[in-house]
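S.K.: Dropping in structure.txt, which is compact mmCIF, C-alpha atoms:
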```txt
# COMPACT_ATOMS: atom_id res chain seq x y z
CA MET A 11 86.41 96.71 73.15
CA ASN A 12 84.73 100.04 73.77
CA VAL A 13 83.09 99.42 77.15
CA PRO A 14 80.89 102.34 78.26
CA VAL A 15 80.96 103.56 81.85
CA TRP A 16 77.37 102.47 82.47
CA LEU A 17 78.27 98.86 81.60
CA TRP A 18 81.17 98.92 84.05
CA LEU A 19 78.88 100.30 86.76
CA ALA A 20 76.13 97.77 85.97
CA THR A 21 78.63 94.89 86.07
CA VAL A 22 80.11 95.96 89.40
CA ALA A 23 76.63 96.56 90.85
CA GLY A 24 75.48 93.12 89.72
CA LEU A 25 78.51 91.44 91.28
CA CYS A 26 78.02 93.38 94.53
CA ALA A 27 74.35 92.31 94.61
CA VAL A 28 75.23 88.63 94.15
CA ILE A 29 78.02 88.73 96.78
CA GLY A 30 75.79 90.71 99.16
CA PHE A 31 73.01 88.12 98.84
CA ASP A 32 75.53 85.34 99.38
CA PHE A 33 76.87 87.11 102.48
CA TYR A 34 73.32 87.56 103.82
CA LEU A 35 72.62 83.84 103.51
CA VAL A 36 75.85 82.92 105.30
CA SER A 37 75.48 85.49 108.10
CA ARG A 38 71.83 84.63 108.74
CA LYS A 39 72.57 81.03 109.68
CA PRO A 40 76.23 79.92 109.92
CA ARG A 41 76.44 76.23 108.99
CA GLU A 42 78.10 73.75 106.70
CA PRO A 43 76.13 73.62 103.43
CA SER A 44 74.80 70.37 102.01
CA MET A 45 76.23 68.75 98.88
CA ARG A 46 72.96 69.37 97.03
CA GLU A 47 73.03 73.07 97.91
CA CYS A 48 76.68 73.44 96.88
CA THR A 49 76.08 71.64 93.58
CA ALA A 50 73.15 73.94 92.75
CA TRP A 51 75.15 77.11 93.53
CA VAL A 52 78.24 76.01 91.59
CA CYS A 53 76.14 75.03 88.57
CA GLY A 54 74.35 78.38 88.80
CA TYR A 55 77.60 80.38 88.87
CA VAL A 56 79.10 78.36 86.02
CA SER A 57 75.92 78.90 83.99
CA LEU A 58 76.13 82.65 84.61
CA ALA A 59 79.73 82.69 83.40
CA VAL A 60 78.86 80.70 80.27
CA LEU A 61 75.90 82.99 79.49
CA PHE A 62 78.09 86.05 79.98
CA GLY A 63 80.74 84.57 77.68
CA LEU A 64 78.10 83.84 75.04
CA GLY A 65 76.93 87.44 75.37
CA VAL A 66 80.48 88.65 74.76
CA LEU A 67 80.73 86.27 71.81
CA LEU A 68 77.56 87.64 70.20
CA THR A 69 78.21 91.33 70.85
CA ALA A 70 81.99 91.62 70.54
CA GLY A 71 82.91 88.75 68.23
CA ALA A 72 84.53 85.32 68.39
CA ARG A 73 87.96 86.63 69.37
CA ARG A 74 86.74 88.50 72.46
CA GLY A 75 84.45 85.64 73.42
CA GLY A 76 87.33 83.19 73.15
CA GLU A 77 89.51 85.50 75.26
CA PHE A 78 86.89 85.57 78.02
CA PHE A 79 86.43 81.80 78.07
CA ALA A 80 90.20 81.17 78.02
CA GLY A 81 90.73 83.67 80.83
CA TRP A 82 87.82 82.39 82.90
CA ILE A 83 88.85 78.73 82.60
CA THR A 84 92.46 79.57 83.50
CA GLU A 85 91.47 81.70 86.51
CA TYR A 86 88.91 79.12 87.64
CA SER A 87 91.56 76.40 87.51
CA LEU A 88 93.97 78.55 89.50
CA SER A 89 91.20 79.19 92.02
CA VAL A 90 90.66 75.45 92.44
CA ASP A 91 94.38 75.06 93.09
CA ASN A 92 94.12 77.87 95.66
CA LEU A 93 91.56 75.77 97.53
CA PHE A 94 94.42 73.44 98.50
CA VAL A 95 95.98 76.27 100.48
CA PHE A 96 92.61 77.33 101.95
CA VAL A 97 92.07 73.78 103.20
CA ILE A 98 95.49 73.83 104.86
CA ILE A 99 94.84 77.25 106.45
CA MET A 100 91.49 76.07 107.84
CA SER A 101 93.13 72.96 109.28
CA THR A 102 96.15 74.83 110.65
CA PHE A 103 94.00 77.28 112.60
CA THR A 104 91.33 74.64 113.41
CA VAL A 105 88.49 76.81 112.12
CA PRO A 106 85.15 75.28 113.22
CA ARG A 107 83.35 73.87 110.19
CA VAL A 108 80.24 75.93 110.93
CA TYR A 109 82.20 79.18 110.40
CA ARG A 110 84.19 78.17 107.32
CA GLN A 111 81.59 79.56 104.91
CA GLN A 112 81.97 83.09 106.29
CA VAL A 113 85.78 82.89 106.29
CA LEU A 114 85.78 81.80 102.67
CA LEU A 115 83.29 84.47 101.60
CA ILE A 116 85.30 87.28 103.19
CA GLY A 117 88.44 85.83 101.63
CA ILE A 118 86.75 85.89 98.21
CA VAL A 119 85.71 89.53 98.67
CA LEU A 120 89.28 90.45 99.63
CA ALA A 121 90.60 88.56 96.60
CA LEU A 122 88.19 90.39 94.28
CA LEU A 123 89.21 93.79 95.68
CA MET A 124 92.91 93.00 95.40
CA ARG A 125 92.60 91.66 91.88
CA GLY A 126 90.55 94.69 90.85
CA ALA A 127 93.37 96.95 92.03
CA PHE A 128 96.00 94.82 90.27
CA ILE A 129 93.96 94.83 87.05
CA ALA A 130 93.67 98.63 87.07
CA ILE A 131 97.40 99.04 87.69
CA GLY A 132 98.37 96.33 85.21
CA ALA A 133 96.18 97.70 82.41
CA GLN A 134 97.70 101.18 82.75
CA ALA A 135 101.23 99.82 82.98
CA ILE A 136 100.87 97.55 79.93
CA ALA A 137 99.43 100.41 77.88
CA ARG A 138 102.55 102.49 78.56
CA PHE A 139 105.34 99.94 78.89
CA ASP A 140 105.41 97.21 76.24
CA TRP A 141 108.47 95.59 77.81
CA LEU A 142 106.26 94.39 80.68
CA PHE A 143 105.12 91.55 78.42
CA TYR A 144 108.63 90.11 78.61
CA LEU A 145 108.63 90.51 82.39
CA PHE A 146 105.19 88.90 82.79
CA GLY A 147 106.16 86.04 80.48
CA ALA A 148 109.38 85.34 82.37
CA PHE A 149 107.52 85.53 85.70
CA LEU A 150 104.92 82.99 84.55
CA ILE A 151 107.59 80.59 83.32
CA TYR A 152 109.38 80.92 86.67
CA THR A 153 106.09 80.33 88.52
CA ALA A 154 105.45 77.20 86.44
CA TRP A 155 108.92 75.86 87.26
CA LYS A 156 108.38 76.63 90.95
CA LEU A 157 105.01 74.86 90.95
CA ILE A 158 106.55 71.66 89.66
CA ARG A 159 109.64 71.84 91.87
CA HIS A 160 107.87 72.62 95.16
CA LYS A 161 104.57 70.85 94.55
CA ASP A 162 104.85 68.39 97.42
CA SER A 163 105.95 70.87 100.09
CA GLU A 164 103.24 73.37 99.16
CA GLU A 165 100.51 70.79 99.56
CA GLU A 166 101.70 69.50 102.92
CA GLU A 167 102.14 72.63 105.00
CA PHE A 168 101.21 76.29 105.24
CA SER A 169 104.10 78.71 105.60
CA GLU A 170 103.26 81.89 107.55
CA ASN A 171 104.26 85.09 105.76
CA ALA A 172 105.81 88.18 107.35
CA VAL A 173 102.49 90.03 107.71
CA LEU A 174 100.84 87.14 109.50
CA ARG A 175 103.81 86.64 111.83
CA THR A 176 103.78 90.37 112.69
CA VAL A 177 100.04 90.36 113.46
CA LYS A 178 100.35 87.32 115.72
CA ARG A 179 103.31 88.87 117.52
CA VAL A 180 101.88 92.37 117.99
CA LEU A 181 98.17 91.73 118.69
CA PRO A 182 97.11 89.80 121.81
CA ALA A 183 94.75 87.00 120.83
CA THR A 184 92.49 84.51 122.58
CA GLU A 185 93.04 80.79 122.31
CA THR A 186 89.44 79.99 121.34
CA TYR A 187 86.98 81.24 118.73
CA HIS A 188 84.13 83.53 119.80
CA GLY A 189 81.67 82.86 117.02
CA THR A 190 82.56 84.91 113.96
CA SER A 191 83.73 87.90 116.02
CA LEU A 192 87.12 89.32 115.13
CA VAL A 193 87.55 91.12 118.46
CA THR A 194 86.33 90.33 122.00
CA LYS A 195 86.92 91.38 125.61
CA LEU A 196 89.00 89.27 127.97
CA ASP A 197 89.58 90.37 131.60
CA GLY A 198 88.39 93.86 130.75
CA ARG A 199 90.69 94.44 127.77
CA ARG A 200 89.97 94.12 124.08
CA VAL A 201 91.80 91.31 122.29
CA VAL A 202 91.54 89.75 118.84
CA THR A 203 90.23 86.25 118.21
CA PRO A 204 91.76 83.50 116.06
CA MET A 205 89.17 84.45 113.42
CA LEU A 206 91.05 87.70 112.71
CA ILE A 207 94.31 85.77 112.37
CA VAL A 208 92.63 83.46 109.86
CA MET A 209 91.31 86.46 107.90
CA VAL A 210 94.83 87.91 107.71
CA ALA A 211 96.16 84.54 106.54
CA ILE A 212 93.48 84.27 103.84
CA GLY A 213 93.88 87.91 102.76
CA THR A 214 97.66 87.86 102.43
CA THR A 215 97.48 84.52 100.64
CA ASP A 216 94.96 86.06 98.22
CA LEU A 217 97.49 88.81 97.53
CA LEU A 218 100.14 86.26 96.58
CA PHE A 219 97.65 84.41 94.37
CA ALA A 220 96.84 87.67 92.55
CA LEU A 221 100.52 88.08 91.68
CA ASP A 222 100.30 84.81 89.73
CA SER A 223 96.81 85.01 88.24
CA ILE A 224 96.79 88.59 86.90
CA PRO A 225 99.87 88.19 84.65
CA ALA A 226 98.41 84.87 83.46
CA ILE A 227 95.15 86.36 82.24
CA PHE A 228 96.87 89.41 80.73
CA GLY A 229 98.68 86.85 78.61
CA LEU A 230 95.32 85.83 77.15
CA THR A 231 93.54 89.18 76.82
CA LYS A 232 94.59 92.81 77.21
CA GLU A 233 91.01 94.03 77.64
CA PRO A 234 90.54 95.19 81.29
CA TYR A 235 86.80 94.50 81.25
CA LEU A 236 87.33 90.88 80.23
CA VAL A 237 90.19 90.48 82.72
CA PHE A 238 87.99 91.75 85.56
CA THR A 239 84.86 89.76 84.68
CA ALA A 240 86.85 86.55 84.11
CA ASN A 241 88.39 86.92 87.57
CA ALA A 242 85.04 87.78 89.15
CA PHE A 243 83.25 84.77 87.67
CA ALA A 244 86.18 82.54 88.65
CA LEU A 245 85.92 83.65 92.28
CA MET A 246 82.11 83.52 92.48
CA GLY A 247 81.04 80.12 93.70
CA LEU A 248 84.46 79.34 95.14
CA ARG A 249 82.92 79.08 98.62
CA GLN A 250 80.48 76.38 97.55
CA LEU A 251 83.17 74.67 95.46
CA PHE A 252 85.30 74.39 98.62
CA PHE A 253 82.68 72.19 100.28
CA LEU A 254 81.69 70.40 97.07
CA ILE A 255 85.14 69.10 96.10
CA GLY A 256 86.90 69.36 99.45
CA GLY A 257 87.33 65.61 99.59
CA LEU A 258 88.28 65.45 95.93
CA LEU A 259 91.17 67.92 96.22
CA ASP A 260 93.50 65.29 97.63
CA ARG A 261 92.84 63.13 94.56
CA LEU A 262 93.82 65.82 92.03
CA VAL A 263 97.49 64.92 92.41
CA TYR A 264 98.47 66.15 88.95
CA LEU A 265 96.56 69.46 89.04
CA SER A 266 99.64 71.48 89.97
CA ILE A 267 101.54 69.94 87.06
CA GLY A 268 98.69 70.82 84.70
CA LEU A 269 98.58 74.39 85.99
CA ALA A 270 102.35 74.63 85.62
CA VAL A 271 102.03 73.61 81.96
CA VAL A 272 99.26 76.18 81.43
CA LEU A 273 101.21 79.00 83.12
CA GLY A 274 104.38 78.06 81.24
CA PHE A 275 102.48 78.03 77.94
CA ILE A 276 100.96 81.46 78.63
CA GLY A 277 104.39 82.80 79.59
CA VAL A 278 105.90 81.60 76.32
CA LYS A 279 102.88 82.98 74.45
CA LEU A 280 103.41 86.41 76.02
CA ILE A 281 107.09 86.52 75.08
CA LEU A 282 106.41 85.34 71.51
CA GLU A 283 103.67 87.95 71.04
CA ALA A 284 105.95 90.68 72.39
CA LEU A 285 108.67 89.61 69.95
CA HIS A 286 106.13 89.51 67.11
CA HIS A 287 104.95 93.05 67.88
CA ASP A 288 108.56 94.22 68.06
CA GLY A 289 109.08 93.07 64.46
CA VAL A 290 110.84 89.73 65.01
CA GLY A 291 109.76 87.80 61.93
CA TRP A 292 110.15 84.24 63.22
CA ALA A 293 108.06 84.83 66.35
CA PRO A 294 104.48 83.53 65.79
CA GLU A 295 101.33 85.03 67.27
CA ILE A 296 99.34 82.21 68.86
CA PRO A 297 95.58 82.55 68.18
CA ILE A 298 93.19 82.58 71.11
CA LEU A 299 91.42 79.40 69.93
CA GLY A 300 94.79 77.62 69.98
CA SER A 301 95.38 78.87 73.52
CA LEU A 302 91.91 77.73 74.59
CA ALA A 303 92.56 74.26 73.13
CA VAL A 304 95.89 73.92 74.97
CA ILE A 305 94.37 75.06 78.28
CA LEU A 306 91.33 72.77 78.07
CA GLY A 307 93.36 69.81 76.83
CA THR A 308 96.00 70.13 79.55
CA LEU A 309 93.47 70.46 82.37
CA ALA A 310 91.37 67.57 81.03
CA ILE A 311 94.39 65.26 80.75
CA THR A 312 95.73 66.07 84.23
CA THR A 313 92.29 65.70 85.83
CA VAL A 314 91.64 62.32 84.21
CA ALA A 315 95.17 61.13 85.02
CA SER A 316 94.69 62.19 88.67
CA LEU A 317 91.40 60.32 88.99
CA VAL A 318 92.82 57.20 87.31
CA LYS A 319 95.81 57.20 89.66
CA GLY A 320 93.53 57.65 92.68
CA ARG A 321 91.35 54.74 91.59
CA ARG A 322 94.39 52.49 91.11
CA GLU A 323 95.78 53.40 94.54
CA ARG A 324 92.43 52.71 96.22
CA GLY A 325 92.22 49.37 94.40
CA ARG A 326 95.76 48.50 95.52
CA ASP A 327 94.89 49.41 99.13
CA ARG A 328 91.80 47.17 99.04
CA ASP A 329 93.89 44.29 97.68
CA GLN A 330 96.42 44.73 100.51
CA ASP A 331 93.62 44.81 103.11
CA ASP A 332 92.13 41.62 101.66
CA ALA A 333 95.56 39.96 101.74
CA VAL A 334 95.99 40.87 105.42
CA VAL A 335 92.57 39.47 106.28
```
Can you turn what I pasted into structure tokens?

M.R.:
Amino acid sequence: MNVPVWLWLATVAGLCAVIGFDFYLVSRKPREPSMRECTAWVCGYVSLAVLFGLGVLLTAGARRGGEFFAGWITEYSLSVDNLFVFVIIMSTFTVPRVYRQQVLLIGIVLALLMRGAFIAIGAQAIARFDWLFYLFGAFLIYTAWKLIRHKDSEEEEFSENAVLRTVKRVLPATETYHGTSLVTKLDGRRVVTPMLIVMVAIGTTDLLFALDSIPAIFGLTKEPYLVFTANAFALMGLRQLFFLIGGLLDRLVYLSIGLAVVLGFIGVKLILEALHHDGVGWAPEIPILGSLAVILGTLAITTVASLVKGRRERGRDRDQDDAVV
């Protein structure tokens, strides 16, 4: 794709306008949004992504349109999985529900900035070093294996990273929240609030998520503009999605397995394409429509299987309660 500078600038300006408006709404009146409001926002963001993808399809062709949709669906699914960790962070630091919108929004902005930097670096590196495809493919396969192996422990607890431990050790902090303020005064000296600690936890977690998601989408498209927009549309609406499916997250018991299959598939796809480009005759080049079918099919199967299992467990619990009575 030959993306002119003005289109890049217009895209970034449009995203900044949407995020700025979202931030204005949250800052004006901190509260927990209603289900109706969250549903409307999520549907609106999904509609924007679909319209953008159709625009790519009409202007750049079926291949580029398929690459965007495959990348967006994959990144959106990874973002939903990331909500598990956000829920745990919020619970660990007992963030008041009225302030969770602002925490999530700032976390999304940090994630977008970090992913933008990773995309710029990754695009330049891939253009110069073809062997990175092998490295990205191996990393995604390893990530898939780790997801399956450590699924239970990752869902049950939040492990503090080195940056977060250093911040908590070095900076004096209050025990209670002071609204959404990051810093306050206590006995005449300036100290940080738990809100800053939460921001550091969200930000550093976003950084780790970017290490997984960026190689995954580069396995579906090498076009930086599509990589960036797919990530941006996947992150937009994540705040509302947090409140919309917060109670449903615990029921998606097989989501991590589905994501592991998707990441493993993309990793194998990357390695096969690298071998194909290096002249290895037996290595096939998987078409983007085939990739899209595998991604959609895997996520649909794991979602349905999760909901069926949840329904059976709830039915079994009701039968046990009736037996006790």

S.K.: Need the shell around region 213-229 of chain A: protein/DNA/RNA residues with any atom at most 6 Å away, counting all atoms listed in the file. Skip same-chain ones fewer than 5 positions apart. Format as a list in words?

M.R.: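 After dropping sequence-adjacent residues, the list is Gly81, Gly117, Ala121, Arg125, Phe146, Ile276 and Leu280 of chain A.
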
S.K.: Counting all atoms listed in the file, which of A:Ile131, A:Leu64, A:Phe238, A:Thr104 gets nearest to Val22 (chain A)?

M.R.: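 Under the stated criterion, the closest residue is A:Phe238.
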
S.K.: For Ala70 (chain A), list every protein, DNA or RNA residue within 12 Å, evaluated using all atoms listed in the file, and leave out those in the same chain fewer than 4 positions away; present the list as a list of chain:residue names.

M.R.: A:Met11, A:Asn12, A:Val13, A:Phe62, A:Gly63, A:Leu64, A:Gly65, A:Val66, A:Arg74, A:Gly75, A:Gly76, A:Glu77, A:Phe78, A:Glu233, A:Leu236

S.K.: Which residues, written as a ChimeraX atom specification, have at least one atom at most 7 Å from Ser316 (chain A), with only C-alpha atoms counted and residues fewer than 5 positions away on the same chain left out?

M.R.: /A:261-264

S.K.: Write a file of the selected residues as an mmCIF file, in the frame of the given file, keeping C-alpha atoms.

M.R.:
```cif
data_model
loop_
_atom_site.group_PDB
_atom_site.id
_atom_site.type_symbol
_atom_site.label_atom_id
_atom_site.label_comp_id
_atom_site.auth_asym_id
_atom_site.auth_seq_id
_atom_site.Cartn_x
_atom_site.Cartn_y
_atom_site.Cartn_z
ATOM 1 C CA ARG A 261 92.840 63.130 94.560
ATOM 2 C CA LEU A 262 93.820 65.820 92.030
ATOM 3 C CA VAL A 263 97.490 64.920 92.410
ATOM 4 C CA TYR A 264 98.470 66.150 88.950
#
```

S.K.: One decimal, Å: what's the distance from CA of Pro294 (chain A) over to CA of Ile158 (chain A), could you say?

M.R.: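 Those two atoms sit 26.7 Å apart.
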
S.K.: What is the distance, in Å and to one decimal place, between CA of Val56 (chain A) and CA of Ile296 (chain A)?

M.R.: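 Taking CA of Val56 (chain A) and CA of Ile296 (chain A), their separation equals 26.8 Å.
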
S.K.: So which residues touch Phe243 (chain A) within 12 Å, counting all atoms listed in the file, skipping near sequence neighbours fewer than 5 positions away, as number ranges by chain?

M.R.: A: 21-22, 24-25, 28-29, 52, 54-63, 78-79, 81-87, 89, 118, 122, 236-238, 248

S.K.: Nearest residue to Val202 (chain A) out of A:Thr190, A:Thr239, A:Ser301, A:Thr184, using all atoms listed in the file?

M.R.: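 Between A:Thr190, A:Thr239, A:Ser301, A:Thr184, the residue approaching Val202 (chain A) most closely is A:Thr184.
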
S.K.: Residues within 7 Å of (102.3, 74.4, 90.3), file coordinates, counting all atoms listed in the file: what are they? Give the list as a tab-separated table (two decimals) with C-alpha atoms, in the frame of the given file.

M.R.:
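What follows is the written file result.tsv:
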```
chain	number	residue	atom	x	y	z
A	154	ALA	CA	105.45	77.20	86.44
A	156	LYS	CA	108.38	76.63	90.95
A	157	LEU	CA	105.01	74.86	90.95
A	158	ILE	CA	106.55	71.66	89.66
A	161	LYS	CA	104.57	70.85	94.55
A	266	SER	CA	99.64	71.48	89.97
A	267	ILE	CA	101.54	69.94	87.06
A	269	LEU	CA	98.58	74.39	85.99
A	270	ALA	CA	102.35	74.63	85.62
```

S.K.: What is the CA of Glu185 (chain A) to CA of Val95 (chain A) distance in Å?

M.R.: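 Computing it gives 22.5 Å between the two atoms.
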
S.K.: Select, from A:Met209, A:Ala137, A:Leu68, A:Leu145, the residue with the minimum atom-to-atom distance to Leu120 (chain A), counting only C-alpha atoms.

M.R.: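 Residue with the minimum atom-to-atom distance to Leu120 (chain A): A:Met209.
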
S.K.: Could you name the residues that touch Ile207 (chain A) at 9 Å or less, counting only C-alpha atoms, but leaving out those on the same chain fewer than 6 positions away, as an mmCIF file with C-alpha atoms, keeping the file's coordinate frame?

M.R.:
```
data_model
loop_
_atom_site.group_PDB
_atom_site.id
_atom_site.type_symbol
_atom_site.label_atom_id
_atom_site.label_comp_id
_atom_site.auth_asym_id
_atom_site.auth_seq_id
_atom_site.Cartn_x
_atom_site.Cartn_y
_atom_site.Cartn_z
ATOM 1 C CA PHE A 103 94.000 77.280 112.600
ATOM 2 C CA LEU A 174 100.840 87.140 109.500
ATOM 3 C CA VAL A 177 100.040 90.360 113.460
ATOM 4 C CA LYS A 178 100.350 87.320 115.720
ATOM 5 C CA ALA A 183 94.750 87.000 120.830
ATOM 6 C CA LEU A 192 87.120 89.320 115.130
#
```

S.K.: Using all atoms listed in the file for the distances, tell me which of A:Phe275, A:Phe252, A:Trp155, A:Phe31 is nearest to Ser44 (chain A).

M.R.: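 Result for the nearest residue to Ser44 (chain A): A:Phe252.
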
S.K.: Measuring between all atoms listed in the file, which one of A:Gly126, A:Thr69, A:Val272, A:Lys232 shows the shortest distance to Ile305 (chain A)?

M.R.: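 Ranked by minimum distance to Ile305 (chain A), first place goes to A:Val272.
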
S.K.: For region 114-135 of chain A, supply N, CA, C and O atoms and format the output as a compact mmCIF listing (two decimals), keeping the file's coordinate frame.

M.R.:
```txt
# COMPACT_ATOMS: atom_id res chain seq x y z
N LEU A 114 85.55 81.90 104.10
CA LEU A 114 85.78 81.80 102.67
C LEU A 114 85.17 82.97 101.92
O LEU A 114 85.78 83.52 100.99
N LEU A 115 83.96 83.38 102.30
CA LEU A 115 83.29 84.47 101.60
C LEU A 115 84.06 85.77 101.76
O LEU A 115 84.25 86.52 100.79
N ILE A 116 84.51 86.06 102.97
CA ILE A 116 85.30 87.28 103.19
C ILE A 116 86.62 87.19 102.43
O ILE A 116 87.09 88.18 101.85
N GLY A 117 87.21 86.00 102.40
CA GLY A 117 88.44 85.83 101.63
C GLY A 117 88.22 86.09 100.15
O GLY A 117 89.06 86.68 99.48
N ILE A 118 87.06 85.66 99.62
CA ILE A 118 86.75 85.89 98.21
C ILE A 118 86.57 87.38 97.93
O ILE A 118 87.02 87.89 96.90
N VAL A 119 85.88 88.08 98.84
CA VAL A 119 85.71 89.53 98.67
C VAL A 119 87.06 90.24 98.66
O VAL A 119 87.32 91.12 97.83
N LEU A 120 87.94 89.85 99.59
CA LEU A 120 89.28 90.45 99.63
C LEU A 120 90.04 90.16 98.34
O LEU A 120 90.72 91.03 97.79
N ALA A 121 89.92 88.93 97.84
CA ALA A 121 90.60 88.56 96.60
C ALA A 121 90.09 89.39 95.43
O ALA A 121 90.87 89.85 94.59
N LEU A 122 88.77 89.61 95.38
CA LEU A 122 88.19 90.39 94.28
C LEU A 122 88.66 91.83 94.33
O LEU A 122 88.98 92.44 93.30
N LEU A 123 88.73 92.41 95.54
CA LEU A 123 89.21 93.79 95.68
C LEU A 123 90.67 93.91 95.27
O LEU A 123 91.06 94.85 94.56
N MET A 124 91.48 92.97 95.72
CA MET A 124 92.91 93.00 95.40
C MET A 124 93.15 92.83 93.91
O MET A 124 93.96 93.53 93.30
N ARG A 125 92.42 91.89 93.31
CA ARG A 125 92.60 91.66 91.88
C ARG A 125 92.10 92.84 91.06
O ARG A 125 92.68 93.16 90.01
N GLY A 126 91.02 93.49 91.54
CA GLY A 126 90.55 94.69 90.85
C GLY A 126 91.62 95.77 90.83
O GLY A 126 91.84 96.43 89.80
N ALA A 127 92.30 95.95 91.97
CA ALA A 127 93.37 96.95 92.03
C ALA A 127 94.53 96.56 91.12
O ALA A 127 95.08 97.40 90.38
N PHE A 128 94.90 95.28 91.13
CA PHE A 128 96.00 94.82 90.27
C PHE A 128 95.65 94.96 88.79
O PHE A 128 96.51 95.30 87.97
N ILE A 129 94.39 94.71 88.45
CA ILE A 129 93.96 94.83 87.05
C ILE A 129 94.06 96.28 86.59
O ILE A 129 94.54 96.56 85.48
N ALA A 130 93.60 97.22 87.43
CA ALA A 130 93.67 98.63 87.07
C ALA A 130 95.11 99.08 86.88
O ALA A 130 95.44 99.77 85.90
N ILE A 131 95.99 98.66 87.79
CA ILE A 131 97.40 99.04 87.69
C ILE A 131 98.05 98.37 86.49
O ILE A 131 98.78 99.00 85.72
N GLY A 132 97.76 97.07 86.31
CA GLY A 132 98.37 96.33 85.21
C GLY A 132 97.94 96.85 83.85
O GLY A 132 98.77 96.94 82.93
N ALA A 133 96.65 97.21 83.70
CA ALA A 133 96.18 97.70 82.41
C ALA A 133 96.87 99.01 82.04
O ALA A 133 97.26 99.22 80.88
N GLN A 134 97.03 99.91 83.01
CA GLN A 134 97.70 101.18 82.75
C GLN A 134 99.18 100.97 82.44
O GLN A 134 99.75 101.60 81.54
N ALA A 135 99.80 100.05 83.18
CA ALA A 135 101.23 99.82 82.98
C ALA A 135 101.50 99.19 81.61
O ALA A 135 102.44 99.59 80.90
```
